[in-house]
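Have a look at input12.cif below; it lists mmCIF, C-alpha atoms and all ligand atoms.
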data_protein
#
loop_
_atom_site.group_PDB
_atom_site.id
_atom_site.type_symbol
_atom_site.label_atom_id
_atom_site.label_comp_id
_atom_site.auth_asym_id
_atom_site.auth_seq_id
_atom_site.Cartn_x
_atom_site.Cartn_y
_atom_site.Cartn_z
ATOM 1 C CA MET A 94 -7.098 6.282 17.146
ATOM 2 C CA SER A 95 -3.361 6.621 17.576
ATOM 3 C CA THR A 96 -1.243 6.164 14.484
ATOM 4 C CA ALA A 97 0.782 2.965 14.433
ATOM 5 C CA PRO A 98 4.474 3.552 13.639
ATOM 6 C CA GLU A 99 4.088 1.486 10.466
ATOM 7 C CA ILE A 100 1.293 3.776 9.228
ATOM 8 C CA ALA A 101 3.430 6.780 10.115
ATOM 9 C CA ARG A 102 6.166 5.250 8.004
ATOM 10 C CA LEU A 103 3.836 4.904 4.991
ATOM 11 C CA ALA A 104 2.783 8.510 5.465
ATOM 12 C CA ALA A 105 6.394 9.684 5.724
ATOM 13 C CA CYS A 106 7.285 7.914 2.484
ATOM 14 C CA GLY A 107 4.185 9.354 0.800
ATOM 15 C CA VAL A 108 4.090 6.740 -1.959
ATOM 16 C CA VAL A 109 3.481 3.007 -1.594
ATOM 17 C CA PRO A 110 4.603 0.822 -4.479
ATOM 18 C CA VAL A 111 2.034 -1.903 -5.161
ATOM 19 C CA VAL A 112 3.922 -4.853 -6.594
ATOM 20 C CA VAL A 113 3.027 -8.115 -8.267
ATOM 21 C CA ILE A 114 5.763 -10.729 -7.976
ATOM 22 C CA ASP A 115 5.813 -13.881 -10.056
ATOM 23 C CA GLU A 116 9.233 -15.162 -9.089
ATOM 24 C CA VAL A 117 10.520 -15.219 -5.546
ATOM 25 C CA GLU A 118 14.093 -14.476 -6.615
ATOM 26 C CA ILE A 119 13.264 -11.021 -7.971
ATOM 27 C CA ALA A 120 11.747 -9.834 -4.681
ATOM 28 C CA VAL A 121 14.985 -8.701 -3.045
ATOM 29 C CA PRO A 122 16.552 -6.945 -6.094
ATOM 30 C CA LEU A 123 13.234 -5.220 -6.732
ATOM 31 C CA ALA A 124 12.988 -4.016 -3.130
ATOM 32 C CA GLN A 125 16.633 -2.896 -3.263
ATOM 33 C CA ALA A 126 15.874 -0.896 -6.416
ATOM 34 C CA LEU A 127 13.070 0.895 -4.561
ATOM 35 C CA LEU A 128 15.356 1.574 -1.606
ATOM 36 C CA ALA A 129 17.988 3.001 -3.952
ATOM 37 C CA GLY A 130 15.350 5.451 -5.185
ATOM 38 C CA GLY A 131 14.419 6.471 -1.639
ATOM 39 C CA ILE A 132 11.289 4.365 -1.131
ATOM 40 C CA ASP A 133 11.486 2.301 2.053
ATOM 41 C CA VAL A 134 8.076 0.600 1.943
ATOM 42 C CA ILE A 135 6.782 -2.128 -0.363
ATOM 43 C CA GLU A 136 3.306 -3.602 -0.739
ATOM 44 C CA ILE A 137 3.544 -7.150 -2.026
ATOM 45 C CA THR A 138 0.145 -8.190 -3.310
ATOM 46 C CA LEU A 139 -1.125 -11.717 -2.806
ATOM 47 C CA ARG A 140 -2.058 -12.063 -6.442
ATOM 48 C CA ARG A 141 0.426 -14.692 -7.475
ATOM 49 C CA PRO A 142 1.495 -17.966 -5.885
ATOM 50 C CA ALA A 143 5.004 -16.554 -5.288
ATOM 51 C CA ALA A 144 3.757 -13.625 -3.206
ATOM 52 C CA MET A 145 3.897 -15.169 0.261
ATOM 53 C CA ALA A 146 7.451 -16.478 -0.184
ATOM 54 C CA ALA A 147 8.500 -13.132 -1.695
ATOM 55 C CA LEU A 148 7.091 -11.309 1.314
ATOM 56 C CA GLU A 149 8.905 -13.625 3.673
ATOM 57 C CA LYS A 150 12.206 -13.183 1.838
ATOM 58 C CA VAL A 151 11.992 -9.376 1.793
ATOM 59 C CA ALA A 152 10.983 -9.294 5.478
ATOM 60 C CA ARG A 153 13.893 -11.538 6.416
ATOM 61 C CA GLU A 154 16.636 -10.171 4.182
ATOM 62 C CA LEU A 155 15.919 -6.439 3.972
ATOM 63 C CA PRO A 156 15.128 -5.007 7.398
ATOM 64 C CA GLU A 157 15.429 -1.468 6.013
ATOM 65 C CA ILE A 158 12.229 -1.771 3.964
ATOM 66 C CA LEU A 159 8.756 -1.985 5.541
ATOM 67 C CA PRO A 160 7.113 -5.163 4.233
ATOM 68 C CA VAL A 161 3.397 -4.664 3.665
ATOM 69 C CA ALA A 162 1.063 -7.419 2.489
ATOM 70 C CA GLY A 163 -1.517 -6.345 -0.077
ATOM 71 C CA THR A 164 -4.673 -7.861 -1.544
ATOM 72 C CA VAL A 165 -5.430 -9.680 1.710
ATOM 73 C CA VAL A 166 -9.024 -10.799 1.201
ATOM 74 C CA THR A 167 -9.519 -13.761 3.552
ATOM 75 C CA PRO A 168 -9.047 -14.283 7.309
ATOM 76 C CA GLN A 169 -6.626 -17.094 6.586
ATOM 77 C CA GLN A 170 -4.382 -14.814 4.522
ATOM 78 C CA ALA A 171 -4.320 -12.354 7.423
ATOM 79 C CA ALA A 172 -2.723 -14.981 9.656
ATOM 80 C CA GLU A 173 -0.407 -16.179 6.897
ATOM 81 C CA VAL A 174 1.032 -12.761 6.080
ATOM 82 C CA GLN A 175 1.781 -12.183 9.730
ATOM 83 C CA ASN A 176 3.751 -15.419 9.799
ATOM 84 C CA ALA A 177 5.557 -14.333 6.645
ATOM 85 C CA GLY A 178 6.739 -11.164 8.401
ATOM 86 C CA ALA A 179 4.356 -8.483 7.118
ATOM 87 C CA ARG A 180 4.397 -5.394 9.336
ATOM 88 C CA ALA A 181 1.203 -3.897 7.916
ATOM 89 C CA VAL A 182 -1.634 -5.148 5.742
ATOM 90 C CA VAL A 183 -3.751 -3.632 2.972
ATOM 91 C CA SER A 184 -7.016 -4.991 1.560
ATOM 92 C CA PRO A 185 -9.084 -3.815 -1.389
ATOM 93 C CA GLY A 186 -12.251 -3.859 0.738
ATOM 94 C CA PHE A 187 -13.632 -4.383 4.230
ATOM 95 C CA THR A 188 -15.233 -7.496 5.676
ATOM 96 C CA GLU A 189 -16.025 -8.277 9.286
ATOM 97 C CA SER A 190 -14.207 -11.605 9.048
ATOM 98 C CA VAL A 191 -10.950 -10.071 7.818
ATOM 99 C CA ASP A 192 -11.325 -7.278 10.389
ATOM 100 C CA GLU A 193 -11.566 -9.886 13.140
ATOM 101 C CA ALA A 194 -8.600 -11.846 11.805
ATOM 102 C CA MET A 195 -6.553 -8.659 11.534
ATOM 103 C CA ARG A 196 -7.401 -7.793 15.117
ATOM 104 C CA LYS A 197 -5.907 -11.136 16.191
ATOM 105 C CA THR A 198 -2.667 -10.332 14.380
ATOM 106 C CA GLY A 199 -2.380 -6.907 16.006
ATOM 107 C CA LEU A 200 -0.923 -5.563 12.748
ATOM 108 C CA PRO A 201 -2.014 -2.214 11.339
ATOM 109 C CA TRP A 202 -4.621 -2.767 8.622
ATOM 110 C CA LEU A 203 -5.809 -0.486 5.856
ATOM 111 C CA PRO A 204 -9.068 -1.891 4.536
ATOM 112 C CA GLY A 205 -10.346 -0.564 1.224
ATOM 113 C CA VAL A 206 -13.313 1.789 1.051
ATOM 114 C CA ALA A 207 -15.067 3.383 -1.901
ATOM 115 C CA THR A 208 -18.516 4.301 -0.559
ATOM 116 C CA ALA A 209 -20.064 5.943 2.497
ATOM 117 C CA SER A 210 -21.395 2.560 3.648
ATOM 118 C CA ASP A 211 -17.862 1.138 3.469
ATOM 119 C CA CYS A 212 -16.636 4.066 5.565
ATOM 120 C CA MET A 213 -19.425 3.520 8.113
ATOM 121 C CA ARG A 214 -18.414 -0.111 8.497
ATOM 122 C CA ALA A 215 -14.742 0.796 8.822
ATOM 123 C CA VAL A 216 -15.435 3.537 11.370
ATOM 124 C CA SER A 217 -17.704 1.213 13.394
ATOM 125 C CA ALA A 218 -14.786 -1.201 13.604
ATOM 126 C CA GLY A 219 -12.412 1.586 14.626
ATOM 127 C CA ARG A 220 -10.548 1.387 11.320
ATOM 128 C CA LEU A 221 -9.817 5.017 10.628
ATOM 129 C CA HIS A 222 -6.917 4.557 8.211
ATOM 130 C CA CYS A 223 -8.220 3.153 4.938
ATOM 131 C CA LYS A 224 -7.238 2.575 1.369
ATOM 132 C CA PHE A 225 -9.461 4.567 -1.012
ATOM 133 C CA PHE A 226 -9.873 2.098 -3.837
ATOM 134 C CA PRO A 227 -10.127 2.232 -6.789
ATOM 135 C CA ALA A 228 -9.280 5.902 -6.370
ATOM 136 C CA GLU A 229 -9.551 7.337 -9.873
ATOM 137 C CA GLN A 230 -12.437 5.112 -10.876
ATOM 138 C CA ALA A 231 -14.322 5.876 -7.635
ATOM 139 C CA GLY A 232 -14.330 9.624 -8.261
ATOM 140 C CA GLY A 233 -10.724 10.686 -7.874
ATOM 141 C CA VAL A 234 -9.906 13.769 -5.835
ATOM 142 C CA PRO A 235 -13.446 15.254 -5.940
ATOM 143 C CA GLY A 236 -14.875 11.834 -5.058
ATOM 144 C CA LEU A 237 -12.573 11.463 -2.076
ATOM 145 C CA LYS A 238 -13.302 14.992 -0.882
ATOM 146 C CA ALA A 239 -17.044 14.313 -0.987
ATOM 147 C CA LEU A 240 -16.737 10.850 0.537
ATOM 148 C CA SER A 241 -14.584 11.985 3.421
ATOM 149 C CA GLY A 242 -16.803 14.949 4.345
ATOM 150 C CA PRO A 243 -18.937 12.956 6.829
ATOM 151 C CA PHE A 244 -15.861 11.126 8.155
ATOM 152 C CA PRO A 245 -13.433 13.804 9.310
ATOM 153 C CA GLN A 246 -11.728 11.299 11.580
ATOM 154 C CA MET A 247 -10.615 9.110 8.652
ATOM 155 C CA LYS A 248 -7.349 9.205 6.696
ATOM 156 C CA PHE A 249 -6.872 7.592 3.319
ATOM 157 C CA CYS A 250 -4.351 6.011 1.016
ATOM 158 C CA PRO A 251 -5.823 6.517 -2.482
ATOM 159 C CA THR A 252 -4.791 3.708 -4.808
ATOM 160 C CA GLY A 253 -5.948 2.775 -8.293
ATOM 161 C CA GLY A 254 -5.096 4.957 -11.270
ATOM 162 C CA VAL A 255 -2.629 7.045 -9.261
ATOM 163 C CA SER A 256 0.571 8.107 -11.027
ATOM 164 C CA LEU A 257 3.298 10.713 -10.915
ATOM 165 C CA ALA A 258 0.971 13.011 -12.875
ATOM 166 C CA ASN A 259 -1.855 13.083 -10.325
ATOM 167 C CA LEU A 260 -0.341 12.094 -6.979
ATOM 168 C CA GLY A 261 0.140 15.738 -6.020
ATOM 169 C CA ASN A 262 -3.610 16.378 -6.222
ATOM 170 C CA TYR A 263 -4.216 13.640 -3.659
ATOM 171 C CA LEU A 264 -1.320 14.459 -1.366
ATOM 172 C CA ALA A 265 -2.530 18.064 -1.184
ATOM 173 C CA LEU A 266 -5.615 16.865 0.728
ATOM 174 C CA PRO A 267 -5.199 16.848 4.516
ATOM 175 C CA GLN A 268 -7.120 13.573 4.761
ATOM 176 C CA VAL A 269 -4.596 11.784 2.540
ATOM 177 C CA LEU A 270 -1.820 9.895 4.325
ATOM 178 C CA CYS A 271 -0.023 8.585 1.273
ATOM 179 C CA VAL A 272 -0.873 7.260 -2.183
ATOM 180 C CA GLY A 273 -0.318 3.797 -3.594
ATOM 181 C CA GLY A 274 0.164 2.455 -7.052
ATOM 182 C CA SER A 275 1.687 0.010 -9.433
ATOM 183 C CA TRP A 276 3.145 2.705 -11.702
ATOM 184 C CA LEU A 277 6.341 2.605 -9.607
ATOM 185 C CA VAL A 278 7.051 -0.975 -10.599
ATOM 186 C CA PRO A 279 5.900 -1.488 -14.203
ATOM 187 C CA ALA A 280 5.414 -5.062 -15.364
ATOM 188 C CA ASP A 281 7.878 -4.511 -18.219
ATOM 189 C CA ALA A 282 10.627 -3.334 -15.892
ATOM 190 C CA VAL A 283 10.106 -6.431 -13.759
ATOM 191 C CA LYS A 284 10.091 -8.712 -16.790
ATOM 192 C CA ASN A 285 13.347 -7.187 -18.065
ATOM 193 C CA ARG A 286 14.888 -6.974 -14.600
ATOM 194 C CA ASP A 287 15.290 -3.272 -15.310
ATOM 195 C CA TRP A 288 16.043 -2.254 -11.743
ATOM 196 C CA ALA A 289 17.525 1.074 -12.861
ATOM 197 C CA GLN A 290 14.082 1.979 -14.216
ATOM 198 C CA VAL A 291 12.431 1.086 -10.887
ATOM 199 C CA THR A 292 14.988 3.219 -9.027
ATOM 200 C CA LYS A 293 14.370 6.111 -11.434
ATOM 201 C CA LEU A 294 10.591 5.948 -10.942
ATOM 202 C CA ALA A 295 11.010 5.700 -7.175
ATOM 203 C CA ARG A 296 13.346 8.692 -7.111
ATOM 204 C CA GLU A 297 10.996 10.782 -9.278
ATOM 205 C CA ALA A 298 8.090 9.997 -6.973
ATOM 206 C CA ARG A 299 10.031 10.788 -3.814
ATOM 207 C CA GLU A 300 11.282 14.052 -5.325
ATOM 208 C CA LYS A 301 7.705 14.988 -6.133
ATOM 209 C CA VAL A 302 6.599 14.191 -2.558
ATOM 210 C CA ALA A 303 9.467 16.294 -1.168
ATOM 211 C CA GLU A 304 8.586 19.182 -3.499
ATOM 212 C CA LEU A 305 4.919 19.054 -2.476
ATOM 213 C CA ARG A 306 5.707 18.926 1.194
ATOM 214 C CA GLY A 307 8.230 21.735 0.898
HETATM 215 C C1 LIG B 401 -4.146 -2.052 -6.035
HETATM 216 O O1 LIG B 401 -4.443 -3.181 -5.777
HETATM 217 O O2 LIG B 401 -3.819 -1.280 -5.146
HETATM 218 C C2 LIG B 401 -4.296 -1.566 -7.426
HETATM 219 O O3 LIG B 401 -4.413 -2.611 -8.326
HETATM 220 C C3 LIG B 401 -3.242 -0.641 -7.857
HETATM 221 O O4 LIG B 401 -3.827 0.128 -8.836
HETATM 222 P P1 LIG B 401 -2.961 0.701 -10.033
HETATM 223 O O5 LIG B 401 -2.445 -0.480 -10.780
HETATM 224 O O6 LIG B 401 -3.947 1.505 -10.870
HETATM 225 O O7 LIG B 401 -1.881 1.552 -9.459
#

What do you get writing this file as structure tokens?
Amino acid sequence: MSTAPEIARLAACGVVPVVVIDEVEIAVPLAQALLAGGIDVIEITLRRPAAMAALEKVARELPEILPVAGTVVTPQQAAEVQNAGARAVVSPGFTESVDEAMRKTGLPWLPGVATASDCMRAVSAGRLHCKFFPAEQAGGVPGLKALSGPFPQMKFCPTGGVSLANLGNYLALPQVLCVGGSWLVPADAVKNRDWAQVTKLAREAREKVAELRG
């Protein structure tokens, strides 16, 4: 499977901030704070009513950041995030119905996998780029190494329990494209509109990625 440019962009960034947005008006300053720290991708999760409008606003107003829709769990959401301007989509798991809906959108999709059966389903559907979720809870680095053994054609974005402290262990694996996590945008920083803190965390993460990749 060829790598979509959007997936290549996630891989180049190395870290994908997973964000929860409660108020549409913070979406752009938050994304700008990430950009200021060198992160040019953002995964806006559909976990709050404001998410779709936030995604739309970021996609429209900040062309320099790659807008990714996260927590897409129904076929209907797949169509909606495309209309909102998402350029890639992430789900916590894999279902045939979301796979089919994603195919209609033509957008790159990273379904979530945590077991060999999940990987078999994803591979059968030609989905070779997957989220490994929840990464730490599903076995962490040793778990991913064991899981990916039978699936050498797959690449993963481990997410769930990933932080600055352990991202290097994942990124050292050749089967890891990038890592994702909410540590880059802590709830407190969002609540306090502490964009300097978001920029600092983004910069730290990008420096770590650069150091690891030499
Ligand atoms: C996700 O949906 O990707 C996870 O909730 C992120 O996990 P984290 O909060 O442990 O980074």

Please write as a PDB file with C-alpha atoms, in the coordinates of the input the full residue list that the PyMOL selection byres (((not hetatm)) within 10 of (chain B and resi 401)) yields on this file.
ATOM      1  CA  VAL A 109       3.481   3.007  -1.594  1.00  0.00           C
ATOM      2  CA  PRO A 110       4.603   0.822  -4.479  1.00  0.00           C
ATOM      3  CA  VAL A 111       2.034  -1.903  -5.161  1.00  0.00           C
ATOM      4  CA  VAL A 112       3.922  -4.853  -6.594  1.00  0.00           C
ATOM      5  CA  VAL A 113       3.027  -8.115  -8.267  1.00  0.00           C
ATOM      6  CA  GLU A 136       3.306  -3.602  -0.739  1.00  0.00           C
ATOM      7  CA  ILE A 137       3.544  -7.150  -2.026  1.00  0.00           C
ATOM      8  CA  THR A 138       0.145  -8.190  -3.310  1.00  0.00           C
ATOM      9  CA  LEU A 139      -1.125 -11.717  -2.806  1.00  0.00           C
ATOM     10  CA  ARG A 140      -2.058 -12.063  -6.442  1.00  0.00           C
ATOM     11  CA  GLY A 163      -1.517  -6.345  -0.077  1.00  0.00           C
ATOM     12  CA  THR A 164      -4.673  -7.861  -1.544  1.00  0.00           C
ATOM     13  CA  VAL A 165      -5.430  -9.680   1.710  1.00  0.00           C
ATOM     14  CA  VAL A 183      -3.751  -3.632   2.972  1.00  0.00           C
ATOM     15  CA  SER A 184      -7.016  -4.991   1.560  1.00  0.00           C
ATOM     16  CA  PRO A 185      -9.084  -3.815  -1.389  1.00  0.00           C
ATOM     17  CA  GLY A 205     -10.346  -0.564   1.224  1.00  0.00           C
ATOM     18  CA  LYS A 224      -7.238   2.575   1.369  1.00  0.00           C
ATOM     19  CA  PHE A 225      -9.461   4.567  -1.012  1.00  0.00           C
ATOM     20  CA  PHE A 226      -9.873   2.098  -3.837  1.00  0.00           C
ATOM     21  CA  PRO A 227     -10.127   2.232  -6.789  1.00  0.00           C
ATOM     22  CA  ALA A 228      -9.280   5.902  -6.370  1.00  0.00           C
ATOM     23  CA  GLU A 229      -9.551   7.337  -9.873  1.00  0.00           C
ATOM     24  CA  GLN A 230     -12.437   5.112 -10.876  1.00  0.00           C
ATOM     25  CA  CYS A 250      -4.351   6.011   1.016  1.00  0.00           C
ATOM     26  CA  PRO A 251      -5.823   6.517  -2.482  1.00  0.00           C
ATOM     27  CA  THR A 252      -4.791   3.708  -4.808  1.00  0.00           C
ATOM     28  CA  GLY A 253      -5.948   2.775  -8.293  1.00  0.00           C
ATOM     29  CA  GLY A 254      -5.096   4.957 -11.270  1.00  0.00           C
ATOM     30  CA  VAL A 255      -2.629   7.045  -9.261  1.00  0.00           C
ATOM     31  CA  SER A 256       0.571   8.107 -11.027  1.00  0.00           C
ATOM     32  CA  VAL A 272      -0.873   7.260  -2.183  1.00  0.00           C
ATOM     33  CA  GLY A 273      -0.318   3.797  -3.594  1.00  0.00           C
ATOM     34  CA  GLY A 274       0.164   2.455  -7.052  1.00  0.00           C
ATOM     35  CA  SER A 275       1.687   0.010  -9.433  1.00  0.00           C
ATOM     36  CA  TRP A 276       3.145   2.705 -11.702  1.00  0.00           C
ATOM     37  CA  LEU A 277       6.341   2.605  -9.607  1.00  0.00           C
ATOM     38  CA  VAL A 278       7.051  -0.975 -10.599  1.00  0.00           C
ATOM     39  CA  PRO A 279       5.900  -1.488 -14.203  1.00  0.00           C
TER      40      PRO A 279
END

Please compute the atom CA of A:Ala194-atom CA of A:Val206 distance, one decimal, in Å.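 Pair atom CA of A:Ala194 / atom CA of A:Val206 returns 18.0 Å.
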
For this structure, which residues satisfy the selection - the PyMOL selection byres (((chain A and resi 118) around 12) and not hetatm) - when it is evaluated on the file as given? I want them as a PyMOL selection string. chain A and resi 114-117+119-124+143-144+146-151+154+283+286

Which of A:Leu257, A:Val174, A:Leu270, A:Val182 sits closest to A:Arg299 [using only C-alpha atoms]: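 Of all the options, A:Leu257 lies closest to A:Arg299.
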
Residues at most 12 Å from A:Gly219, counting all atoms listed in the file, excluding those fewer than 5 positions away in the same chain, as a PDB file with C-alpha atoms, in the coordinates of the input?
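To be explicit, this is the file written out as part.pdb:
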ATOM      1  CA  MET A  94      -7.098   6.282  17.146  1.00  0.00           C
ATOM      2  CA  SER A  95      -3.361   6.621  17.576  1.00  0.00           C
ATOM      3  CA  GLU A 189     -16.025  -8.277   9.286  1.00  0.00           C
ATOM      4  CA  ASP A 192     -11.325  -7.278  10.389  1.00  0.00           C
ATOM      5  CA  GLU A 193     -11.566  -9.886  13.140  1.00  0.00           C
ATOM      6  CA  ARG A 196      -7.401  -7.793  15.117  1.00  0.00           C
ATOM      7  CA  PRO A 201      -2.014  -2.214  11.339  1.00  0.00           C
ATOM      8  CA  TRP A 202      -4.621  -2.767   8.622  1.00  0.00           C
ATOM      9  CA  LEU A 203      -5.809  -0.486   5.856  1.00  0.00           C
ATOM     10  CA  PRO A 204      -9.068  -1.891   4.536  1.00  0.00           C
ATOM     11  CA  CYS A 212     -16.636   4.066   5.565  1.00  0.00           C
ATOM     12  CA  MET A 213     -19.425   3.520   8.113  1.00  0.00           C
ATOM     13  CA  ARG A 214     -18.414  -0.111   8.497  1.00  0.00           C
ATOM     14  CA  GLN A 246     -11.728  11.299  11.580  1.00  0.00           C
ATOM     15  CA  MET A 247     -10.615   9.110   8.652  1.00  0.00           C
TER      16      MET A 247
END

Kindly resolve the PyMOL selection byres (((chain A and resi 210) around 12) and not hetatm) on the present coordinates and return the residues as a PyMOL selection string. chain A and resi 186-188+205-209+211-217+240-241+243-244

Let me make sure I understand: among A:Arg153, A:Lys284, A:His222, A:Arg306, which one has the smallest atom-to-atom distance to A:Asn176 if we use all atoms listed in the file? A:Arg153
